[in-house]
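**Q** Structure incoming, see below.
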Amino acid sequence: MKLAGEAPETLDAIVITHEHTDHIHGLAVTARKLGIPVYLTEGTHRAWMRWISPRRQMTYAQWLERCRKEAAERQAEAEAGLCEAGGEAEEAESEVAAAGADSVMEPAAPAKDPTWLPSVEYFQAGQAFQIGDIAVSPFTIPHDAADPVGFVFRAEGVRMAVATDLGYVPPNVKAQLKGVDLLLLESNHDLEMLRDGPYPWSVKQRVLSRVGHLSNEAAADFLENQYDGQAAYVILAHLSESNNLPELARVAAERALNGRASLLANRLLLAAQHEPLSSIYL
């Protein structure tokens, strides 16, 4: 944000698409530091909490043994407390008297909870909500997450769509991407680079699946055959560093756009991971 000339302190809220690490890492730190609410689905919130506070698996016998130990420790603490209660009470009274009437005892700081957020607001896909003067329309996307969504943002008569992390473009997404002024669309990988690349075969299968990621070819097919061409800008995003090249993504999309005269007015941009795009004015 600072590279783009924007101050993080001006943020009113954070909206989350899904709980995968590359989309949600650092969420708690950012929300706490800025003191702002986080908008996400209940399913995404639960999945994030499970991820950020992993629990060790144990057998039933181990669980019983742990329960016995905890019960024994509580019993020992209770018995010790009864023996010391008289002396502690007298000592506490002396400390209060010495401190004076104006002194206030501060409560101990609570244990750190990695899942604590200043404020959580749930939304549901298909139900629009408002943050300040921005209307937000979340829509379901096919991805291997708990409850993943894309967004259409509308403000001052301008509509902007964010559609990344989807294995294909289903009818509900096609409907949401109509009539937008700016379209940010995933063009994640080149099929040949992915097949010959360094990922394990299981990960390659996941990326190629219908709950994985859009390839350059799939994004181009959507632009050529199913996109209404209304956006002034089309931004290709979520490009893989291991399985894609910006030039390959650009060529595939340009061929799709050049194949339809109605799309020639669309300006094509590519989003990079480590630097912001120049500001777009509509």
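Convention: chains lettered A, B, ... in structure tokens order; per-chain residue numbering from 1; ligands numbered from 1 as shown.
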Which residues are near A:Gly259? Cut-off 12 Å, only C-alpha atoms, ignore same chain within fewer than 5 positions. Put them as a list in words.
**A**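 Within the cut-off, the hits are Ala220, Asp221, Leu223, Glu224, Asn225, Gly229, Ala252, Ala253, Glu254 and Leu264 of chain A.
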**Q** Write the residues of the selection above to a file with all heavy atoms, as an mmCIF file, in the first residue's frame.
**A**
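Result file out20.cif:
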```cif
data_model
loop_
_atom_site.group_PDB
_atom_site.id
_atom_site.type_symbol
_atom_site.label_atom_id
_atom_site.label_comp_id
_atom_site.auth_asym_id
_atom_site.auth_seq_id
_atom_site.Cartn_x
_atom_site.Cartn_y
_atom_site.Cartn_z
ATOM 1 N N ALA A 220 -8.067 -17.167 -21.254
ATOM 2 C CA ALA A 220 -8.225 -16.683 -22.624
ATOM 3 C C ALA A 220 -9.532 -17.180 -23.231
ATOM 4 O O ALA A 220 -10.225 -16.445 -23.947
ATOM 5 C CB ALA A 220 -7.038 -17.131 -23.476
ATOM 6 N N ASP A 221 -9.881 -18.427 -22.941
ATOM 7 C CA ASP A 221 -11.136 -18.974 -23.459
ATOM 8 C C ASP A 221 -12.331 -18.192 -22.923
ATOM 9 O O ASP A 221 -13.278 -17.901 -23.667
ATOM 10 C CB ASP A 221 -11.254 -20.442 -23.070
ATOM 11 C CG ASP A 221 -12.567 -21.049 -23.535
ATOM 12 O OD1 ASP A 221 -12.726 -21.263 -24.748
ATOM 13 O OD2 ASP A 221 -13.446 -21.284 -22.677
ATOM 14 N N LEU A 223 -12.309 -15.024 -21.929
ATOM 15 C CA LEU A 223 -12.302 -13.700 -22.549
ATOM 16 C C LEU A 223 -12.809 -13.747 -23.987
ATOM 17 O O LEU A 223 -13.493 -12.828 -24.449
ATOM 18 C CB LEU A 223 -10.889 -13.116 -22.510
ATOM 19 C CG LEU A 223 -10.339 -12.753 -21.129
ATOM 20 C CD1 LEU A 223 -8.878 -12.347 -21.230
ATOM 21 C CD2 LEU A 223 -11.154 -11.639 -20.485
ATOM 22 N N GLU A 224 -12.495 -14.810 -24.688
ATOM 23 C CA GLU A 224 -12.856 -14.887 -26.108
ATOM 24 C C GLU A 224 -14.304 -15.312 -26.327
ATOM 25 O O GLU A 224 -14.973 -14.813 -27.239
ATOM 26 C CB GLU A 224 -11.924 -15.860 -26.820
ATOM 27 C CG GLU A 224 -12.157 -15.917 -28.324
ATOM 28 C CD GLU A 224 -11.088 -16.721 -29.039
ATOM 29 O OE1 GLU A 224 -10.208 -17.297 -28.366
ATOM 30 O OE2 GLU A 224 -11.141 -16.779 -30.285
ATOM 31 N N ASN A 225 -14.805 -16.213 -25.464
ATOM 32 C CA ASN A 225 -16.088 -16.835 -25.766
ATOM 33 C C ASN A 225 -17.222 -16.511 -24.795
ATOM 34 O O ASN A 225 -18.389 -16.730 -25.150
ATOM 35 C CB ASN A 225 -15.910 -18.360 -25.823
ATOM 36 C CG ASN A 225 -14.931 -18.781 -26.897
ATOM 37 O OD1 ASN A 225 -15.056 -18.378 -28.047
ATOM 38 N ND2 ASN A 225 -13.936 -19.579 -26.522
ATOM 39 N N GLY A 229 -17.154 -8.084 -22.580
ATOM 40 C CA GLY A 229 -16.328 -7.029 -23.146
ATOM 41 C C GLY A 229 -16.601 -5.624 -22.637
ATOM 42 O O GLY A 229 -16.144 -4.652 -23.238
ATOM 43 N N ALA A 252 -1.594 -14.990 -24.536
ATOM 44 C CA ALA A 252 -2.844 -15.749 -24.586
ATOM 45 C C ALA A 252 -4.049 -14.821 -24.484
ATOM 46 O O ALA A 252 -5.022 -14.958 -25.240
ATOM 47 C CB ALA A 252 -2.867 -16.786 -23.467
ATOM 48 N N ALA A 253 -3.994 -13.847 -23.563
ATOM 49 C CA ALA A 253 -5.118 -12.930 -23.380
ATOM 50 C C ALA A 253 -5.256 -11.979 -24.568
ATOM 51 O O ALA A 253 -6.379 -11.673 -25.000
ATOM 52 C CB ALA A 253 -4.943 -12.140 -22.094
ATOM 53 N N GLU A 254 -4.143 -11.506 -25.105
ATOM 54 C CA GLU A 254 -4.205 -10.585 -26.249
ATOM 55 C C GLU A 254 -4.809 -11.265 -27.471
ATOM 56 O O GLU A 254 -5.591 -10.659 -28.208
ATOM 57 C CB GLU A 254 -2.809 -10.056 -26.570
ATOM 58 C CG GLU A 254 -2.339 -8.980 -25.597
ATOM 59 C CD GLU A 254 -0.958 -8.458 -25.953
ATOM 60 O OE1 GLU A 254 -0.248 -9.134 -26.727
ATOM 61 O OE2 GLU A 254 -0.588 -7.381 -25.431
ATOM 62 N N LEU A 264 -11.627 -4.789 -28.373
ATOM 63 C CA LEU A 264 -10.404 -4.050 -28.671
ATOM 64 C C LEU A 264 -10.236 -2.819 -27.797
ATOM 65 O O LEU A 264 -9.128 -2.322 -27.609
ATOM 66 C CB LEU A 264 -10.379 -3.651 -30.151
ATOM 67 C CG LEU A 264 -10.274 -4.813 -31.142
ATOM 68 C CD1 LEU A 264 -10.294 -4.302 -32.567
ATOM 69 C CD2 LEU A 264 -9.004 -5.617 -30.885
#
```
**Q** List the spatial neighbours of stretch 116-123 of chain A as a PyMOL selection string - criterion: any atom at most 7 Å away, only C-alpha atoms, same-chain residues fewer than 2 positions off excluded.
**A** chain A and resi 28+31-32+35-42+113-114+125
**Q** Go through A:Ala231, A:Leu191, A:Leu182, A:Val15 one by one, measure the shortest atom-to-atom distance of each to A:Gln130 using only C-alpha atoms, and give the residue with the smallest value.
**A**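 Using only C-alpha atoms, A:Gln130 sits closest to A:Val15.
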**Q** If you run DSSP over the backbone, which residues in stretch 143-223 of chain A end up strand (DSSP E)? Put them as a PyMOL selection string.
**A** chain A and resi 149-155+158-163+182-186
**Q** Quick one: write out the picked residues with all heavy atoms as a short mmCIF file (atom, residue, chain, number, x, y, z; two decimals), in the first residue's frame?
**A**
```cif
data_model
loop_
_atom_site.label_atom_id
_atom_site.label_comp_id
_atom_site.auth_asym_id
_atom_site.auth_seq_id
_atom_site.Cartn_x
_atom_site.Cartn_y
_atom_site.Cartn_z
N VAL A 149 -14.82 -17.19 -1.97
CA VAL A 149 -15.66 -16.22 -2.69
C VAL A 149 -14.79 -15.30 -3.55
O VAL A 149 -13.60 -15.13 -3.31
CB VAL A 149 -16.49 -15.34 -1.72
CG1 VAL A 149 -17.46 -16.19 -0.91
CG2 VAL A 149 -15.59 -14.52 -0.81
N GLY A 150 -15.43 -14.73 -4.55
CA GLY A 150 -14.89 -13.58 -5.28
C GLY A 150 -15.73 -12.38 -4.91
O GLY A 150 -16.72 -12.49 -4.17
N PHE A 151 -15.37 -11.21 -5.42
CA PHE A 151 -16.09 -9.98 -5.04
C PHE A 151 -16.34 -9.09 -6.25
O PHE A 151 -15.53 -9.03 -7.17
CB PHE A 151 -15.29 -9.16 -4.03
CG PHE A 151 -15.12 -9.79 -2.68
CD1 PHE A 151 -13.88 -10.24 -2.27
CD2 PHE A 151 -16.20 -9.93 -1.82
CE1 PHE A 151 -13.71 -10.82 -1.02
CE2 PHE A 151 -16.04 -10.52 -0.58
CZ PHE A 151 -14.81 -10.96 -0.17
N VAL A 152 -17.47 -8.41 -6.21
CA VAL A 152 -17.71 -7.25 -7.06
C VAL A 152 -17.87 -6.06 -6.14
O VAL A 152 -18.70 -6.08 -5.22
CB VAL A 152 -18.97 -7.41 -7.94
CG1 VAL A 152 -19.25 -6.11 -8.69
CG2 VAL A 152 -18.78 -8.54 -8.94
N PHE A 153 -17.05 -5.04 -6.35
CA PHE A 153 -17.12 -3.81 -5.55
C PHE A 153 -17.74 -2.71 -6.39
O PHE A 153 -17.38 -2.54 -7.56
CB PHE A 153 -15.71 -3.38 -5.10
CG PHE A 153 -15.00 -4.40 -4.27
CD1 PHE A 153 -14.06 -5.26 -4.85
CD2 PHE A 153 -15.25 -4.53 -2.92
CE1 PHE A 153 -13.40 -6.21 -4.09
CE2 PHE A 153 -14.59 -5.47 -2.15
CZ PHE A 153 -13.67 -6.31 -2.74
N ARG A 154 -18.65 -1.95 -5.80
CA ARG A 154 -19.29 -0.85 -6.52
C ARG A 154 -19.23 0.42 -5.68
O ARG A 154 -19.60 0.42 -4.51
CB ARG A 154 -20.76 -1.18 -6.84
CG ARG A 154 -21.50 -0.07 -7.59
CD ARG A 154 -22.88 -0.53 -8.01
NE ARG A 154 -23.65 -1.06 -6.90
CZ ARG A 154 -24.31 -0.31 -6.00
NH1 ARG A 154 -24.26 1.01 -6.10
NH2 ARG A 154 -24.99 -0.87 -5.02
N ALA A 155 -18.74 1.49 -6.29
CA ALA A 155 -18.67 2.79 -5.62
C ALA A 155 -18.68 3.89 -6.68
O ALA A 155 -18.00 3.77 -7.71
CB ALA A 155 -17.40 2.90 -4.77
N VAL A 158 -19.04 2.94 -10.34
CA VAL A 158 -18.02 2.08 -10.95
C VAL A 158 -18.09 0.69 -10.32
O VAL A 158 -18.17 0.56 -9.10
CB VAL A 158 -16.61 2.68 -10.77
CG1 VAL A 158 -15.55 1.73 -11.28
CG2 VAL A 158 -16.51 4.03 -11.47
N ARG A 159 -18.03 -0.34 -11.18
CA ARG A 159 -18.06 -1.73 -10.69
C ARG A 159 -16.74 -2.42 -11.02
O ARG A 159 -16.28 -2.37 -12.15
CB ARG A 159 -19.22 -2.51 -11.32
CG ARG A 159 -20.58 -1.96 -10.97
CD ARG A 159 -21.70 -2.79 -11.60
NE ARG A 159 -21.87 -4.06 -10.91
CZ ARG A 159 -21.71 -5.24 -11.48
NH1 ARG A 159 -21.34 -5.32 -12.76
NH2 ARG A 159 -21.91 -6.35 -10.79
N MET A 160 -16.15 -3.04 -10.01
CA MET A 160 -14.87 -3.73 -10.16
C MET A 160 -15.01 -5.16 -9.64
O MET A 160 -15.52 -5.37 -8.53
CB MET A 160 -13.78 -3.00 -9.38
CG MET A 160 -13.54 -1.57 -9.84
SD MET A 160 -12.38 -0.67 -8.79
CE MET A 160 -13.38 -0.41 -7.34
N ALA A 161 -14.55 -6.13 -10.42
CA ALA A 161 -14.68 -7.54 -10.04
C ALA A 161 -13.32 -8.15 -9.77
O ALA A 161 -12.35 -7.88 -10.48
CB ALA A 161 -15.39 -8.33 -11.14
N VAL A 162 -13.26 -9.00 -8.74
CA VAL A 162 -12.05 -9.75 -8.40
C VAL A 162 -12.40 -11.23 -8.48
O VAL A 162 -13.22 -11.73 -7.69
CB VAL A 162 -11.55 -9.40 -6.99
CG1 VAL A 162 -10.35 -10.27 -6.61
CG2 VAL A 162 -11.17 -7.93 -6.90
N ALA A 163 -11.81 -11.94 -9.44
CA ALA A 163 -12.09 -13.37 -9.63
C ALA A 163 -10.78 -14.12 -9.80
O ALA A 163 -10.27 -14.27 -10.91
CB ALA A 163 -12.99 -13.57 -10.84
N LEU A 182 -14.01 -2.77 -14.45
CA LEU A 182 -12.65 -3.29 -14.30
C LEU A 182 -12.75 -4.75 -13.89
O LEU A 182 -13.47 -5.09 -12.95
CB LEU A 182 -11.87 -2.50 -13.25
CG LEU A 182 -10.39 -2.87 -13.07
CD1 LEU A 182 -9.57 -1.65 -12.67
CD2 LEU A 182 -10.22 -3.97 -12.01
N LEU A 183 -12.05 -5.61 -14.60
CA LEU A 183 -12.08 -7.05 -14.34
C LEU A 183 -10.68 -7.52 -13.97
O LEU A 183 -9.75 -7.41 -14.77
CB LEU A 183 -12.57 -7.81 -15.57
CG LEU A 183 -12.45 -9.34 -15.52
CD1 LEU A 183 -13.26 -9.92 -14.36
CD2 LEU A 183 -12.88 -9.95 -16.86
N LEU A 184 -10.53 -8.04 -12.75
CA LEU A 184 -9.28 -8.65 -12.32
C LEU A 184 -9.50 -10.15 -12.36
O LEU A 184 -10.29 -10.69 -11.58
CB LEU A 184 -8.88 -8.18 -10.93
CG LEU A 184 -7.48 -8.61 -10.45
CD1 LEU A 184 -6.84 -7.52 -9.61
CD2 LEU A 184 -7.54 -9.91 -9.65
N LEU A 185 -8.83 -10.84 -13.29
CA LEU A 185 -9.08 -12.25 -13.57
C LEU A 185 -7.81 -13.07 -13.41
O LEU A 185 -6.73 -12.65 -13.82
CB LEU A 185 -9.60 -12.38 -15.01
CG LEU A 185 -9.92 -13.79 -15.51
CD1 LEU A 185 -11.14 -14.35 -14.79
CD2 LEU A 185 -10.15 -13.77 -17.02
N GLU A 186 -7.97 -14.24 -12.83
CA GLU A 186 -6.82 -15.13 -12.65
C GLU A 186 -6.30 -15.66 -13.99
O GLU A 186 -7.08 -16.04 -14.86
CB GLU A 186 -7.20 -16.30 -11.75
CG GLU A 186 -6.08 -17.30 -11.55
CD GLU A 186 -6.39 -18.32 -10.49
OE1 GLU A 186 -7.37 -19.06 -10.65
OE2 GLU A 186 -5.65 -18.38 -9.50
#
```
**Q** Any idea what's packed within 12 Å of A:Gly26, counting only C-alpha atoms, ignoring anything in its chain fewer than 2 positions away? Could you give it as number ranges by chain?
**A** A: 14, 16, 19-24, 28-33, 48, 52, 114-115, 117
**Q** Given the choices A:Arg74, A:Lys204, A:His274, A:His18, which gets closest to A:Glu192 if the distance is worked out from only C-alpha atoms?
**A** A:Lys204
**Q** Would you please give, as a ChimeraX atom specification, all residues of stretch 37-225 of chain A that DSSP assigns to helix (DSSP H, G or I) based on the backbone?
**A** /A:42-52,60-99,171-176,191-196,201-208,216-225
**Q** Determine, counting only C-alpha atoms, which protein, DNA and RNA residues have an atom within 12 Å of an atom of A:Arg250; residues of the same chain fewer than 5 positions away are not included. Present the result as a PyMOL selection string.
**A** chain A and resi 186-190+216-217+219-220+234-237+239+244-245+255-258+267-271
**Q** Using atom CA of A:Gln124 and atom CA of A:Ser137 as the two end points, give the distance in Å to one decimal.
**A**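 Pair atom CA of A:Gln124 / atom CA of A:Ser137 returns 9.4 Å.
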**Q** Pick from A:Met49, A:Ala146, A:Ile141, A:Leu177: nearest to A:His213, with only C-alpha atoms counted?
**A**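 Closest to A:His213 of all the choices is A:Ile141.
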**Q** Between A:Val180, A:Ala145, A:Leu64, A:Leu277, which has the minimum distance to A:Asp165 (counting only C-alpha atoms)?
**A** A:Ala145
